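Let me begin by presenting the structure, written as structure tokens, before commenting on it.
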Amino acid sequence: MPCDTRLKPRQTIQERAKEVREAVIRLAQGLKDGRIKLVVDRTTGAIAFAGWDENSRDGITDACAYRTLARTGSPMFAALVAQAQALAGRGVDTRTIAQGVHSHDGGKTWHGGH
């Protein structure tokens with residue numbers, strides 16, 4: 001996955017993979033305890049994690065974290081996705097996510113890939 005391969009200077013792929021796993025675990029805990037919210041854009045179906053700050057994310061994009069969590073098959077995450085989709089009035093659009101539509105402010109505004 002691309003977020004696993006964006007290495008910091010003198011960092012091994014194994015070290016980066018560990019960082020990604022730990023950041024996603026922190027994200028999942030924040031989602032579980034309600035500090036972080038999954039947001040779906042009403043227009044595009046893109047996703048963002050509101051409340052996931054730069055210190056916790058460790059350079060991981062919302063899209064990468066979303067794909068990682070979706071792969072786990074977690075019932076909790078599936079319920080959060082369903083809730084976010086219901087609030088947005090539309091489903092998550094994985095094609096839009098793959099095209100790079102994202103938010104820098106937790107889902108208040110949305111940007112195309114850059």
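Please note that chains go A, B, ... in the order of the structure tokens, that every chain numbers its residues from 1, and that ligands are numbered from 1 in the order shown.
Those residues that approach segment 93-104 of chain A to within 6 Å, counting only C-alpha atoms, are A:Gly45, A:Ala46, A:Trp110, A:His111, A:Gly112, A:Gly113; same-chain residues fewer than 6 positions away are not listed.
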Export N, CA and C atoms of the chosen residues as a short mmCIF file (atom, residue, chain, number, x, y, z; two decimals), in the first residue's frame?
```
data_model
loop_
_atom_site.label_atom_id
_atom_site.label_comp_id
_atom_site.auth_asym_id
_atom_site.auth_seq_id
_atom_site.Cartn_x
_atom_site.Cartn_y
_atom_site.Cartn_z
N GLY A 45 -18.92 11.28 -2.02
CA GLY A 45 -18.75 9.97 -1.38
C GLY A 45 -17.34 9.75 -0.86
N ALA A 46 -16.51 10.81 -0.87
CA ALA A 46 -15.16 10.72 -0.30
C ALA A 46 -15.28 10.61 1.22
N TRP A 110 -13.67 19.86 0.72
CA TRP A 110 -13.14 18.74 -0.03
C TRP A 110 -12.31 19.24 -1.19
N HIS A 111 -11.27 18.47 -1.55
CA HIS A 111 -10.36 18.84 -2.62
C HIS A 111 -10.14 17.65 -3.53
N GLY A 112 -9.91 17.92 -4.81
CA GLY A 112 -9.51 16.88 -5.72
C GLY A 112 -8.08 16.45 -5.41
N GLY A 113 -7.63 15.42 -6.05
CA GLY A 113 -6.25 14.94 -5.81
C GLY A 113 -5.22 16.02 -6.11
#
```
If we count only C-alpha atoms, what is near segment 55-67 of chain A at a cut-off of 6 Å, once residues fewer than 3 positions away on the same chain are taken out, given as a list of chain:residue names?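 Everything that qualifies: A:Cys3, A:Ala23, A:Ala48, A:Ala70.
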Convert the current residue selection to file output with all heavy atoms, as a CSV table (one decimal), in the first residue's frame.
```csv
chain,number,residue,atom,x,y,z
A,3,CYS,N,0.9,4.1,1.5
A,3,CYS,CA,1.3,4.7,2.8
A,3,CYS,C,2.4,3.9,3.5
A,3,CYS,O,3.1,4.4,4.3
A,3,CYS,CB,0.1,4.9,3.7
A,3,CYS,SG,-0.8,3.5,4.1
A,23,ALA,N,-0.4,3.6,13.9
A,23,ALA,CA,-1.3,4.8,13.7
A,23,ALA,C,-2.7,4.3,13.4
A,23,ALA,O,-3.7,5.0,13.9
A,23,ALA,CB,-0.8,5.6,12.5
A,48,ALA,N,-13.3,11.2,5.3
A,48,ALA,CA,-12.3,11.9,6.1
A,48,ALA,C,-12.5,11.4,7.5
A,48,ALA,O,-13.6,10.9,7.9
A,48,ALA,CB,-12.5,13.4,6.0
A,70,ALA,N,-11.0,-1.0,6.5
A,70,ALA,CA,-12.1,-1.8,5.7
A,70,ALA,C,-11.7,-3.2,5.5
A,70,ALA,O,-12.5,-4.1,5.5
A,70,ALA,CB,-12.4,-1.1,4.4
```
Residues of chain A in strand (DSSP E or B), written as a compact mmCIF listing (two decimals) with N, CA and C atoms, in the first residue's frame:
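out.txt written:
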```
# COMPACT_ATOMS: atom_id res chain seq x y z
N LYS A 37 -14.34 10.88 14.30
CA LYS A 37 -15.56 10.55 13.56
C LYS A 37 -15.23 10.32 12.09
N LEU A 38 -15.86 9.31 11.51
CA LEU A 38 -15.76 9.09 10.08
C LEU A 38 -16.80 9.97 9.41
N VAL A 39 -16.38 10.72 8.39
CA VAL A 39 -17.26 11.64 7.66
C VAL A 39 -17.28 11.21 6.20
N VAL A 40 -18.47 11.18 5.61
CA VAL A 40 -18.64 10.90 4.18
C VAL A 40 -19.15 12.18 3.53
N ILE A 47 -14.18 10.22 1.87
CA ILE A 47 -14.19 10.05 3.32
C ILE A 47 -13.11 10.91 3.98
N ALA A 48 -13.33 11.18 5.26
CA ALA A 48 -12.34 11.87 6.09
C ALA A 48 -12.55 11.41 7.53
N PHE A 49 -11.52 11.56 8.32
CA PHE A 49 -11.60 11.26 9.74
C PHE A 49 -11.48 12.56 10.51
N ALA A 50 -12.61 13.07 11.00
CA ALA A 50 -12.62 14.32 11.77
C ALA A 50 -12.07 14.04 13.16
N HIS A 102 -10.19 14.35 -1.19
CA HIS A 102 -9.87 14.28 0.24
C HIS A 102 -10.20 15.60 0.93
N HIS A 111 -11.27 18.47 -1.55
CA HIS A 111 -10.36 18.84 -2.62
C HIS A 111 -10.14 17.65 -3.53
```
Which residues are close to Ala88 of chain A, i.e. within 6 Å by only C-alpha atoms, leaving aside same-chain residues fewer than 2 positions away? Reply as number ranges by chain. A: 40, 42, 85-86, 90
When you look at Lys8 of chain A with a cut-off of 12 Å (counting only C-alpha atoms), what residues show up, excluding the ones that are within fewer than 4 positions of it in the same chain? I need them as an MDAnalysis selection string. chainID A and resid 3:4 12:17 19 58:59
